[in-house]
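Below is one structure; the comments refer to it alone.
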Amino acid sequence: MTASASTDSDTSQHAVTSDPPPSPPPPGQKRGGAGDRAVTSVSHVVLGLWALLVIIPLLWTLLSSFKTSSEIFSSPFSLPATWSFDNYVSAWTSEGIGRYFLNTVVVVGTALVLVMLLGSMCAYVLARFSFPGNRLIYYLMLVGLTFPIFLAIVPLFFVLKGFGILNTLPGLIITYVAFALPFTVFFLYPFFRVLPQDVAEAAEIDGAGEWRKFFQVMLPMAKPGIASVAIFNFLGLWNQFLLPVALNTNRDNYVLSQGMAAFASRAGYNTDYGRLFAAVVITIVPVLIVYVIFQRQLQGSVSQGASK
């Protein structure tokens with residue numbers, strides 16, 4: 001009786017211990033049930049609707065830029081009767097969009113180079129060196145992010161006037177750099193903060209000075225952050241409106257945002273909408289090109305910054 005019970009106990013224990021553990025799902029298969037699938041489906045639907053809300057107005061603007069005003073009002077959603085670039089040529093030459101475009105390229109391009117150079121150097125020093133006032137300077141940079149632009153318009157007006165650069169492109173460039181610098185330092189600070197110290201020490205052993213170590217070793221290692229903040233700064237500076245309107249009233253030095261506003265207000269009730277839509281397309285095409293080219297770099301660098 002006892003032997004039989006012992007045998008049954010051993011058999012049951014062996015049966016329990018011999019059950020294999022549950023195997024994990026294959027790499028391509030995700031855990032989750034109906035709730036996860038529902039959330040995924042709803043997310044896809046919402047993102048699809050959002051994409052339509054963005055893409056449809058852009059396509060309509062593009063099609064309208066090839067039409068005349070009468071065509072736009074008579075058949076706003078139809079294809080153009082003739083695919084002609086007359087509206088683009090007229091907007092570029094007659095309305096001065098070409099001059100405004102070149103002014104914008106000069107101002108934004110120069111300001112972007114300066115702010116990326118100064119911002120990366122400032123972020124590197126604050127992140128890699130310890131000196132009295134280090135944290136104070138960093139916090140002052142953060143305060144600059146919270147300062148509204150419209151509160152500085154009047155002081156900036158008198159400062160630029162005192163230096164004799166009001167209503168000039170150099171004055172606008174300096175202002176752009178000043179307002180983009182805090183965000184650049186704030187964004188690049190964590191990238192330089194987590195760079196490996198071993199690489200910097202190896203460069204010092206090889207005889208590299210501080211300038212060479214920064215430009216040839218540390219700066220290339222922070223390339224993802226540099227690319228991201230450059231794109232964000234480009235978008236912000238290209239679409240800037242308040243600063244040029246308040247600090248640049250010389251029509252010859254207008255940027256695109258001012259030129260578009262002047263074009264619309266000057267036309268009044270006799271607006272040539274085909275020409276106006278062509279000017280809008282000229283304004284937004286550079287932004288779309290830059291984003292499409294650097295989209296992968298932007299996504300990868302943002303994810304790296306989040307993990308850091």
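Going by the structure tokens order, chains are called A, B, ..., each with residues numbered from 1, while ligands are numbered from 1 in the order shown.
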Restrict the calculation to only C-alpha atoms, then for each residue of region 64-154 of chain A with any atom at most 9 Å from an atom of region 193-212 of chain A give the closest atom pair and their distance in Å to one decimal, rows by chain and rising residue number, as a tab-separated table.
```
residue	atom	partner	partner_atom	distance
A:Ala123	CA	A:Arg193	CA	8.8
A:Tyr124	CA	A:Arg193	CA	7.8
A:Leu126	CA	A:Arg193	CA	8.7
A:Ala127	CA	A:Arg193	CA	4.9
A:Arg128	CA	A:Arg193	CA	6.4
```
What would the file look like if the residues just selected were written as a JSON list (two decimals), in the first residue's frame with C-alpha atoms?
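Written file, result38.json:
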```
[["chain", "number", "residue", "atom", "x", "y", "z"],
["A", 123, "ALA", "CA", 26.46, 73.21, -25.65],
["A", 124, "TYR", "CA", 29.78, 71.34, -25.80],
["A", 126, "LEU", "CA", 28.48, 73.53, -20.89],
["A", 127, "ALA", "CA", 28.20, 69.74, -21.15],
["A", 128, "ARG", "CA", 31.88, 68.73, -20.98]]
```
Find the residues of region 89-181 of chain A that sit at most 12 Å from region 46-66 of chain A; for each, write down the nearest two atoms and how far apart they are in Å, to one decimal. Count only C-alpha atoms. Sort by chain, then by number going up, and give it as a Markdown table.
```
| residue | atom | partner | partner_atom | distance |
| --- | --- | --- | --- | --- |
| A:Val89 | CA | A:Phe66 | CA | 11.2 |
| A:Ser90 | CA | A:Ser65 | CA | 11.4 |
| A:Ala91 | CA | A:Ser65 | CA | 10.4 |
```
Within 8 Å of region 169-185 of chain A, which residues of region 75-162 of chain A show up? Give each one with its shortest atom-to-atom distance in Å (one decimal) and the two atoms involved, counting only C-alpha atoms, rows by chain then rising residue number, as CSV.
```
residue,atom,partner,partner_atom,distance
A:Asn103,CA,A:Leu169,CA,7.8
A:Val107,CA,A:Ile173,CA,5.5
A:Val108,CA,A:Ile173,CA,7.3
A:Thr110,CA,A:Ile173,CA,6.9
A:Ala111,CA,A:Ile173,CA,5.2
A:Leu112,CA,A:Val177,CA,7.4
A:Leu114,CA,A:Val177,CA,6.8
A:Val115,CA,A:Val177,CA,5.3
A:Met116,CA,A:Thr184,CA,7.1
A:Leu118,CA,A:Leu181,CA,7.6
A:Gly119,CA,A:Val185,CA,5.1
A:Ser120,CA,A:Val185,CA,6.6
A:Cys122,CA,A:Val185,CA,6.5
A:Ala123,CA,A:Val185,CA,4.9
A:Met141,CA,A:Pro182,CA,4.9
A:Leu142,CA,A:Pro182,CA,6.5
A:Gly144,CA,A:Pro182,CA,5.8
A:Leu145,CA,A:Pro182,CA,6.0
A:Leu160,CA,A:Gly171,CA,6.5
```
Gap from CA of Leu256 (chain A) to CA of Gly162 (chain A) - Å, one decimal
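So the answer is 26.1 Å.
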Which of region 247-285 of chain A counts as helix (DSSP H, G or I) under DSSP, as JSON, numbers by chain please?
{"A": [247, 251, 252, 253, 256, 257, 258, 259, 260, 261, 262, 263, 264, 265, 266, 267, 268, 269, 270, 273, 274, 275, 276, 277, 278, 279, 280, 281, 282, 283, 284, 285]}
Judged by only C-alpha atoms, the minimum distance to Leu288 (chain A) among A:Leu235, A:Ile72, A:Ala246, A:Ala264 is found for A:Leu235
Among the residues A:Phe157, A:Phe186, A:Phe101, A:Phe150, the one that comes closest to Tyr138 (chain A) [using only C-alpha atoms]
A:Phe186
Restricting the calculation to only C-alpha atoms, which member of A:Leu117, A:Val292, A:Leu247, A:Leu140 is positioned closest to Phe214 (chain A)?
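Closest residue, counting only C-alpha atoms: A:Leu117.
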